[in-house]
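Peer 1: This is the structure, below, for whatever I ask next.
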Amino acid sequence: MSTPLSSVVTPGSLVAGSLVAGSPGLGYVGRVKPKSPESEYYMSASNRITGSIVLVIGALGLLDVILEWRTASGLLVGSIIGIFMVLAYVGLMRPSVTLSPEKLLLRNHLRDHEIPWSAVSGVDITDILRVHTGDNKYRAPGVQLVMRDMRKQRVGGRKLAADSSISKADFVVNRIETHQDQYAAQSTGEVITRWARPELILVGVLAVVAIVAALVR
């Protein structure tokens, strides 16, 4: 079976194979080793590219402030740029889905959900991935559908391409179901939810700096 995902190297691991997505819309980057105990990681490739561009532009802006604008006003502008960079990372690059034998990790914009496989009771796709744990549902914006593909699916007639966002999302759903069947017996416990503390703290610090700079300039 051919997969619509692209393999990437993560620390301490090797690429399972070179699988390149050709969709101009929503792609996913992920390392897929079906029979390996190592983790599989999925996120929107288009969001990651957009977020990287925004961060590079922001970094250039900060560099210009550091070199040319060493005043309280410059500190204010730099803090605002920093806040927008953190928001770009949180909104575009942070959301992801990680599958491992120990757990299913959903990294959302501001919170992380660590779900043991024994707690997973189902998974589906609406506009984004949803993982069911009994009466609770956890949304995972790291895997989502492109509106264009959703319209094609509703209208019918035109066959969806193999690299459409729906095909890619279905692949992730299948991988989650496979992991659930394989690891539910050994992965037990409660769902753990944590806030994205580093990002929240950084935004708070930058906001305080911006307020102080605005008062003293």
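How things are named: the first chain in the structure tokens is A, the next is B, and so on; residues count from 1 in each chain; ligands count from 1 in the order shown.
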Pull the closest atom pair for each residue of stretch 68-116 of chain A that gets at most 12 Å from stretch 132-137 of chain A, along with the distance in Å to one decimal, counting only C-alpha atoms, ordering rows by chain and then ascending residue number, as a tab-separated table.
Peer 2:
```
residue	atom	partner	partner_atom	distance
A:Leu104	CA	A:Thr133	CA	11.6
A:Leu106	CA	A:Lys137	CA	11.7
A:His113	CA	A:Lys137	CA	11.0
A:Glu114	CA	A:Thr133	CA	11.5
A:Ile115	CA	A:Thr133	CA	8.4
A:Pro116	CA	A:Thr133	CA	9.6
```
Peer 1: Give me the residues near A:Ile166 as a PyMOL selection string, where near means some atom within 7 Å (using only C-alpha atoms) and where sequence neighbours in that chain fewer than 2 positions away do not count.
Peer 2: chain A and resi 145+149+164+168-170
Peer 1: Excluding A:Ile211 and its own-chain neighbours fewer than 3 positions away, which residues fall within 12 Å of it when counting only C-alpha atoms? Please give them as a ChimeraX atom specification.
Peer 2: /A:72-73,75-80,204-208,214-217
Peer 1: Just C-alpha atoms for this one: save the residues we selected as a PDB file, in the first residue's frame.
Peer 2:
```pdb
ATOM      1  CA  ALA A  72      12.899  51.696  24.750  1.00  0.00           C
ATOM      2  CA  SER A  73      10.828  52.037  21.590  1.00  0.00           C
ATOM      3  CA  LEU A  75      12.493  47.125  22.952  1.00  0.00           C
ATOM      4  CA  LEU A  76       8.731  47.603  22.651  1.00  0.00           C
ATOM      5  CA  VAL A  77       8.754  46.755  18.945  1.00  0.00           C
ATOM      6  CA  GLY A  78      11.044  43.779  19.525  1.00  0.00           C
ATOM      7  CA  SER A  79       8.764  42.425  22.241  1.00  0.00           C
ATOM      8  CA  ILE A  80       5.731  42.721  19.973  1.00  0.00           C
ATOM      9  CA  GLY A 204       3.742  36.535  29.393  1.00  0.00           C
ATOM     10  CA  VAL A 205       7.352  37.664  29.781  1.00  0.00           C
ATOM     11  CA  LEU A 206       7.336  39.419  26.398  1.00  0.00           C
ATOM     12  CA  ALA A 207       4.049  41.130  27.240  1.00  0.00           C
ATOM     13  CA  VAL A 208       5.464  42.431  30.539  1.00  0.00           C
ATOM     14  CA  ALA A 214       5.875  51.470  26.603  1.00  0.00           C
ATOM     15  CA  LEU A 215       5.802  53.162  30.015  1.00  0.00           C
ATOM     16  CA  VAL A 216       9.445  54.260  30.056  1.00  0.00           C
ATOM     17  CA  ARG A 217       9.967  55.332  26.450  1.00  0.00           C
TER      18      ARG A 217
END
```
Peer 1: Give me, as a CSV table (one decimal) with N, CA and C atoms, in the first residue's frame, all polymer residues having an atom no more than 12 Å from A:Asp64, counting only C-alpha atoms and skipping those fewer than 4 positions away in the same chain.
Peer 2:
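And here's part_5.csv as it stands now:
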```csv
chain,number,residue,atom,x,y,z
A,57,ILE,N,11.1,35.7,9.1
A,57,ILE,CA,10.9,37.1,8.9
A,57,ILE,C,10.9,37.8,10.3
A,58,GLY,N,10.3,37.2,11.3
A,58,GLY,CA,10.4,37.8,12.6
A,58,GLY,C,11.8,37.9,13.1
A,59,ALA,N,12.6,36.8,12.9
A,59,ALA,CA,14.0,36.8,13.4
A,59,ALA,C,14.8,37.9,12.7
A,60,LEU,N,14.5,38.2,11.4
A,60,LEU,CA,15.2,39.3,10.7
A,60,LEU,C,14.8,40.6,11.3
A,68,GLU,N,20.0,48.3,15.1
A,68,GLU,CA,19.7,49.6,14.7
A,68,GLU,C,18.8,50.4,15.7
A,69,TRP,N,18.2,49.8,16.6
A,69,TRP,CA,17.1,50.5,17.4
A,69,TRP,C,17.2,50.1,18.8
A,70,ARG,N,18.3,50.5,19.5
A,70,ARG,CA,18.6,50.1,20.9
A,70,ARG,C,18.0,51.2,21.8
A,74,GLY,N,12.5,50.6,20.6
A,74,GLY,CA,13.0,49.4,19.9
A,74,GLY,C,12.7,48.1,20.7
A,75,LEU,N,12.8,48.2,22.1
A,75,LEU,CA,12.5,47.1,23.0
A,75,LEU,C,11.0,46.8,22.9
A,77,VAL,N,9.0,47.4,20.3
A,77,VAL,CA,8.8,46.8,18.9
A,77,VAL,C,9.3,45.3,18.9
A,78,GLY,N,10.5,45.1,19.5
A,78,GLY,CA,11.0,43.8,19.5
A,78,GLY,C,10.2,42.8,20.3
A,81,ILE,N,7.2,41.9,18.2
A,81,ILE,CA,7.6,40.9,17.2
A,81,ILE,C,7.7,39.5,17.8
```
Peer 1: So the first atom is atom CA of A:Ile192 and the second is atom CA of A:Val131; what is the distance between them in Å, to one decimal place?
Peer 2: 13.9 Å
